[in-house]
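Undergrad: Have a look at the structure that comes next, please.
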Amino acid sequence: MKLKCLIVEDEPIARKGIEEYVNDIPFLELVGSCESALPAATILSENKIDLMLLDIRLPRTSGIDFLKSINNPPLVIFTTAYSEYALESYSLDVIDYLLKPIPFERFLKAVQKAYDYQLLLHQAGSTEP
């Protein structure tokens with residue numbers, strides 16, 4: 001099983017770094033990468049996304065407001081330089097909250113948590129009569 005990923009990050013260098021991390025992990029598949037919520041919404045509506053790696057400070061809206069606007073959002077890991085949104089993010093049931101710069105080991109731990117959670121959901125769904 002692979003997690004289909006979407007990256008929403010307005011900083012080009014950070015976006016490229018996260019893309020490289022995703023490409024280095026065998027159970028992740030990069031479906032899209034964009035710099036703001038509008039193209040992200042389009043990608044979400046046209047593709048099955050399992051995991052969204054979402055920055056909090058985006059052009060025209062925040063990642064938090066964007067997440068609140070999504071019906072049936074995928075699993076989310078916030079990737080941000082700002083620690084002050086962490087508490088609010090957990091009220092949105094995010095999987096993890098990563099502070100930039102993100103060490104690979106910390107990124108791997110977060111996506112492994114998302115993978116394990118998705119696997120549990122999948123197994124629970126497949127055991128029903």
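Ligands are numbered from 1 in the order shown, residues from 1 within each chain, and chains are lettered A, B, ... in the order they appear in the structure tokens.
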Can I get the residues of range 21-113 of chain A within 10 Å of range 8-13 of chain A, each with the closest pair of atoms and their distance in Å to one decimal, using only C-alpha atoms, sorted chain first then ascending number, as CSV?
TA:
residue,atom,partner,partner_atom,distance
A:Gly32,CA,A:Val8,CA,8.5
A:Ser33,CA,A:Val8,CA,6.0
A:Cys34,CA,A:Val8,CA,5.1
A:Glu35,CA,A:Asp10,CA,4.0
A:Ser36,CA,A:Asp10,CA,6.1
A:Ala37,CA,A:Val8,CA,7.1
A:Leu38,CA,A:Val8,CA,9.9
A:Pro39,CA,A:Val8,CA,8.9
A:Ala40,CA,A:Val8,CA,6.6
A:Ala41,CA,A:Val8,CA,10.0
A:Met52,CA,A:Val8,CA,7.4
A:Leu53,CA,A:Val8,CA,6.2
A:Leu54,CA,A:Val8,CA,4.9
A:Asp55,CA,A:Glu9,CA,5.2
A:Ile56,CA,A:Glu9,CA,8.4
A:Arg57,CA,A:Asp10,CA,8.0
A:Leu58,CA,A:Asp10,CA,6.0
A:Pro59,CA,A:Asp10,CA,7.3
A:Gly63,CA,A:Val8,CA,8.4
A:Phe78,CA,A:Val8,CA,9.5
A:Thr79,CA,A:Glu9,CA,8.2
A:Thr80,CA,A:Glu9,CA,8.9
Undergrad: Restricting the output to N, CA, C and O atoms, write the selected residues as a compact mmCIF listing (two decimals), in the first residue's frame.
TA:
# COMPACT_ATOMS: atom_id res chain seq x y z
N GLY A 32 0.82 15.46 -6.30
CA GLY A 32 0.84 16.87 -6.67
C GLY A 32 1.62 17.70 -5.68
O GLY A 32 1.81 17.30 -4.53
N SER A 33 2.04 18.86 -6.15
CA SER A 33 2.78 19.80 -5.32
C SER A 33 2.43 21.19 -5.80
O SER A 33 2.54 21.49 -6.99
N CYS A 34 1.98 22.05 -4.88
CA CYS A 34 1.54 23.37 -5.29
C CYS A 34 1.86 24.40 -4.21
O CYS A 34 2.20 24.05 -3.08
N GLU A 35 1.71 25.68 -4.57
CA GLU A 35 2.14 26.74 -3.67
C GLU A 35 1.00 27.43 -2.93
O GLU A 35 1.26 28.29 -2.10
N SER A 36 -0.24 27.05 -3.21
CA SER A 36 -1.35 27.71 -2.52
C SER A 36 -2.58 26.80 -2.47
O SER A 36 -2.61 25.74 -3.08
N ALA A 37 -3.60 27.26 -1.77
CA ALA A 37 -4.80 26.47 -1.54
C ALA A 37 -5.64 26.25 -2.80
O ALA A 37 -6.23 25.18 -2.96
N LEU A 38 -5.70 27.24 -3.69
CA LEU A 38 -6.57 27.10 -4.87
C LEU A 38 -6.18 25.92 -5.76
O LEU A 38 -7.02 25.06 -6.04
N PRO A 39 -4.91 25.81 -6.18
CA PRO A 39 -4.57 24.62 -6.96
C PRO A 39 -4.66 23.33 -6.14
O PRO A 39 -4.97 22.27 -6.67
N ALA A 40 -4.42 23.43 -4.85
CA ALA A 40 -4.54 22.25 -3.98
C ALA A 40 -5.98 21.75 -3.96
O ALA A 40 -6.22 20.54 -4.01
N ALA A 41 -6.94 22.65 -3.90
CA ALA A 41 -8.34 22.26 -3.91
C ALA A 41 -8.70 21.53 -5.20
O ALA A 41 -9.44 20.54 -5.18
N MET A 52 -1.92 14.86 3.03
CA MET A 52 -1.56 16.20 2.59
C MET A 52 -0.53 16.78 3.55
O MET A 52 -0.74 16.80 4.76
N LEU A 53 0.58 17.23 2.99
CA LEU A 53 1.64 17.91 3.74
C LEU A 53 1.39 19.39 3.53
O LEU A 53 1.59 19.92 2.43
N LEU A 54 0.90 20.06 4.56
CA LEU A 54 0.29 21.38 4.42
C LEU A 54 1.00 22.44 5.25
O LEU A 54 1.12 22.30 6.47
N ASP A 55 1.45 23.49 4.58
CA ASP A 55 2.03 24.64 5.27
C ASP A 55 0.89 25.43 5.90
O ASP A 55 -0.26 25.38 5.45
N ILE A 56 1.18 26.18 6.95
CA ILE A 56 0.14 26.96 7.61
C ILE A 56 0.01 28.35 7.00
O ILE A 56 -1.09 28.81 6.74
N ARG A 57 1.11 29.01 6.75
CA ARG A 57 1.05 30.35 6.16
C ARG A 57 1.16 30.24 4.65
O ARG A 57 2.22 29.98 4.11
N LEU A 58 0.01 30.44 4.01
CA LEU A 58 -0.10 30.37 2.55
C LEU A 58 -0.62 31.68 2.01
O LEU A 58 -1.26 32.45 2.74
N PRO A 59 -0.41 31.94 0.72
CA PRO A 59 -0.99 33.16 0.13
C PRO A 59 -2.53 33.12 0.20
O PRO A 59 -3.12 32.08 -0.06
N GLY A 63 -3.30 27.60 6.03
CA GLY A 63 -3.49 26.16 5.90
C GLY A 63 -4.59 25.66 6.83
O GLY A 63 -5.33 24.74 6.49
N PHE A 78 0.96 19.06 9.22
CA PHE A 78 1.34 20.45 9.01
C PHE A 78 2.86 20.56 8.95
O PHE A 78 3.57 19.92 9.74
N THR A 79 3.34 21.37 8.02
CA THR A 79 4.77 21.66 7.87
C THR A 79 4.91 23.18 7.93
O THR A 79 4.46 23.87 7.03
N THR A 80 5.49 23.69 9.00
CA THR A 80 5.48 25.13 9.20
C THR A 80 6.70 25.59 10.00
O THR A 80 7.34 24.79 10.67
Undergrad: Which residues come within 12 Å of Glu88 in chain A, counting only C-alpha atoms, excluding same-chain residues fewer than 5 positions away, as a VMD selection string?
TA: chain A and resid 56 63 to 65 67 to 68 78 83 93 to 94 97
Undergrad: For Lys113 in chain A, which of A:Val22, A:Ile43, A:Tyr90, A:Leu51 is the closest residue, counting only C-alpha atoms?
TA: A:Leu51
Undergrad: Enumerate, as a list in words, the complete set of residues in chain A that a backbone-based DSSP assignment places in strand (DSSP E or B).
TA: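 Answer for chain A restricted to strand (DSSP E or B) is Leu3, Lys4, Cys5, Leu6, Ile7, Val8, Leu28, Glu29, Leu30, Val31, Gly32, Ser33, Cys34, Leu51, Met52, Leu53, Leu54, Arg57, Ser62, Leu75, Val76, Ile77, Phe78, Thr79, Thr80, Asp96, Tyr97, Leu98 and Leu99 of chain A.
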Undergrad: Restricted to N, CA, C and O atoms, what would the selected residues look like written as an mmCIF file, in the first residue's frame?
TA:
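See again.cif below for the written result:
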data_model
loop_
_atom_site.group_PDB
_atom_site.id
_atom_site.type_symbol
_atom_site.label_atom_id
_atom_site.label_comp_id
_atom_site.auth_asym_id
_atom_site.auth_seq_id
_atom_site.Cartn_x
_atom_site.Cartn_y
_atom_site.Cartn_z
ATOM 1 N N LEU A 3 0.795 5.623 0.155
ATOM 2 C CA LEU A 3 0.010 6.814 0.460
ATOM 3 C C LEU A 3 0.209 7.818 -0.663
ATOM 4 O O LEU A 3 1.348 8.193 -0.959
ATOM 5 N N LYS A 4 -0.882 8.234 -1.256
ATOM 6 C CA LYS A 4 -0.824 9.255 -2.308
ATOM 7 C C LYS A 4 -0.778 10.622 -1.630
ATOM 8 O O LYS A 4 -1.669 10.954 -0.849
ATOM 9 N N CYS A 5 0.272 11.400 -1.949
ATOM 10 C CA CYS A 5 0.563 12.636 -1.222
ATOM 11 C C CYS A 5 0.364 13.885 -2.067
ATOM 12 O O CYS A 5 0.632 13.896 -3.267
ATOM 13 N N LEU A 6 -0.051 14.927 -1.374
ATOM 14 C CA LEU A 6 -0.143 16.270 -1.936
ATOM 15 C C LEU A 6 0.640 17.200 -1.027
ATOM 16 O O LEU A 6 0.448 17.191 0.190
ATOM 17 N N ILE A 7 1.522 17.998 -1.630
ATOM 18 C CA ILE A 7 2.290 18.992 -0.880
ATOM 19 C C ILE A 7 1.707 20.363 -1.184
ATOM 20 O O ILE A 7 1.528 20.723 -2.353
ATOM 21 N N VAL A 8 1.418 21.136 -0.135
ATOM 22 C CA VAL A 8 0.941 22.510 -0.288
ATOM 23 C C VAL A 8 1.903 23.382 0.510
ATOM 24 O O VAL A 8 1.845 23.439 1.733
ATOM 25 N N LEU A 28 5.394 6.217 -0.053
ATOM 26 C CA LEU A 28 4.754 7.475 -0.431
ATOM 27 C C LEU A 28 4.794 7.649 -1.944
ATOM 28 O O LEU A 28 5.770 7.292 -2.597
ATOM 29 N N GLU A 29 3.721 8.216 -2.489
ATOM 30 C CA GLU A 29 3.649 8.519 -3.919
ATOM 31 C C GLU A 29 3.196 9.967 -4.075
ATOM 32 O O GLU A 29 2.105 10.340 -3.622
ATOM 33 N N LEU A 30 4.029 10.783 -4.686
ATOM 34 C CA LEU A 30 3.703 12.196 -4.877
ATOM 35 C C LEU A 30 2.726 12.345 -6.036
ATOM 36 O O LEU A 30 3.029 11.997 -7.168
ATOM 37 N N VAL A 31 1.531 12.868 -5.732
ATOM 38 C CA VAL A 31 0.500 13.089 -6.739
ATOM 39 C C VAL A 31 0.529 14.540 -7.220
ATOM 40 O O VAL A 31 0.299 14.823 -8.388
ATOM 41 N N GLY A 32 0.822 15.461 -6.300
ATOM 42 C CA GLY A 32 0.842 16.865 -6.671
ATOM 43 C C GLY A 32 1.617 17.699 -5.675
ATOM 44 O O GLY A 32 1.812 17.300 -4.530
ATOM 45 N N SER A 33 2.041 18.862 -6.152
ATOM 46 C CA SER A 33 2.783 19.803 -5.322
ATOM 47 C C SER A 33 2.431 21.195 -5.803
ATOM 48 O O SER A 33 2.543 21.492 -6.990
ATOM 49 N N CYS A 34 1.976 22.047 -4.882
ATOM 50 C CA CYS A 34 1.543 23.375 -5.289
ATOM 51 C C CYS A 34 1.864 24.402 -4.210
ATOM 52 O O CYS A 34 2.201 24.046 -3.083
ATOM 53 N N LEU A 51 -2.686 11.661 1.957
ATOM 54 C CA LEU A 51 -1.917 12.453 2.910
ATOM 55 C C LEU A 51 -1.578 13.802 2.296
ATOM 56 O O LEU A 51 -1.027 13.867 1.198
ATOM 57 N N MET A 52 -1.916 14.858 3.031
ATOM 58 C CA MET A 52 -1.563 16.202 2.590
ATOM 59 C C MET A 52 -0.529 16.777 3.555
ATOM 60 O O MET A 52 -0.736 16.799 4.764
ATOM 61 N N LEU A 53 0.578 17.234 2.989
ATOM 62 C CA LEU A 53 1.636 17.909 3.740
ATOM 63 C C LEU A 53 1.391 19.393 3.527
ATOM 64 O O LEU A 53 1.588 19.919 2.433
ATOM 65 N N LEU A 54 0.902 20.060 4.557
ATOM 66 C CA LEU A 54 0.288 21.379 4.418
ATOM 67 C C LEU A 54 1.001 22.436 5.248
ATOM 68 O O LEU A 54 1.117 22.304 6.472
ATOM 69 N N ARG A 57 1.114 29.012 6.751
ATOM 70 C CA ARG A 57 1.050 30.355 6.160
ATOM 71 C C ARG A 57 1.160 30.242 4.652
ATOM 72 O O ARG A 57 2.219 29.978 4.106
ATOM 73 N N SER A 62 -4.949 30.689 5.213
ATOM 74 C CA SER A 62 -4.031 29.879 6.024
ATOM 75 C C SER A 62 -4.294 28.407 5.746
ATOM 76 O O SER A 62 -5.394 28.026 5.320
ATOM 77 N N LEU A 75 -5.605 12.619 5.445
ATOM 78 C CA LEU A 75 -4.745 12.781 6.606
ATOM 79 C C LEU A 75 -3.859 13.994 6.354
ATOM 80 O O LEU A 75 -3.471 14.251 5.214
ATOM 81 N N VAL A 76 -3.545 14.740 7.415
ATOM 82 C CA VAL A 76 -2.771 15.973 7.249
ATOM 83 C C VAL A 76 -1.601 15.999 8.229
ATOM 84 O O VAL A 76 -1.752 15.667 9.402
ATOM 85 N N ILE A 77 -0.460 16.411 7.688
ATOM 86 C CA ILE A 77 0.702 16.753 8.502
ATOM 87 C C ILE A 77 1.014 18.209 8.194
ATOM 88 O O ILE A 77 1.245 18.564 7.027
ATOM 89 N N PHE A 78 0.961 19.056 9.215
ATOM 90 C CA PHE A 78 1.343 20.449 9.008
ATOM 91 C C PHE A 78 2.861 20.555 8.954
ATOM 92 O O PHE A 78 3.571 19.919 9.735
ATOM 93 N N THR A 79 3.338 21.366 8.016
ATOM 94 C CA THR A 79 4.769 21.659 7.875
ATOM 95 C C THR A 79 4.906 23.176 7.932
ATOM 96 O O THR A 79 4.463 23.872 7.033
ATOM 97 N N THR A 80 5.489 23.686 9.002
ATOM 98 C CA THR A 80 5.479 25.131 9.201
ATOM 99 C C THR A 80 6.695 25.592 9.998
ATOM 100 O O THR A 80 7.336 24.786 10.673
ATOM 101 N N ASP A 96 0.305 14.992 12.478
ATOM 102 C CA ASP A 96 1.523 15.489 13.096
ATOM 103 C C ASP A 96 1.719 16.948 12.729
ATOM 104 O O ASP A 96 0.994 17.499 11.887
ATOM 105 N N TYR A 97 2.700 17.547 13.380
ATOM 106 C CA TYR A 97 3.001 18.974 13.225
ATOM 107 C C TYR A 97 4.515 19.092 13.182
ATOM 108 O O TYR A 97 5.192 18.844 14.187
ATOM 109 N N LEU A 98 5.056 19.418 11.999
ATOM 110 C CA LEU A 98 6.501 19.473 11.820
ATOM 111 C C LEU A 98 6.974 20.912 11.697
ATOM 112 O O LEU A 98 6.406 21.696 10.937
ATOM 113 N N LEU A 99 8.028 21.216 12.451
ATOM 114 C CA LEU A 99 8.609 22.563 12.403
ATOM 115 C C LEU A 99 9.809 22.587 11.466
ATOM 116 O O LEU A 99 10.679 21.717 11.524
#
Undergrad: Would you compute the distance between CA of Ala86 in chain A and CA of Tyr21 in chain A? Give it in Å to one decimal.
TA: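 So the two atoms, CA of Ala86 in chain A and CA of Tyr21 in chain A, lie 22.0 Å apart.
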Undergrad: Nearest to Leu92 in chain A among A:Ala110, A:Pro73, A:Pro26, A:Glu105, with distances taken over only C-alpha atoms: which residue is it?
TA: A:Pro73
Undergrad: So what do you get for CA of Lys16 in chain A versus CA of Ser69 in chain A, distance-wise?
TA: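 Distance between the two atoms: 25.8 Å.
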Undergrad: Go through range 67-127 of chain A and collect every residue that DSSP, computed from the backbone, puts in helix (DSSP H, G or I); the answer should be as a ChimeraX atom specification.
TA: /A:67-69,83-90,104-126
Undergrad: Could you tell me how far CA of Met1 in chain A lies from CA of Asp50 in chain A, in Å and to one decimal?
TA: 11.0 Å
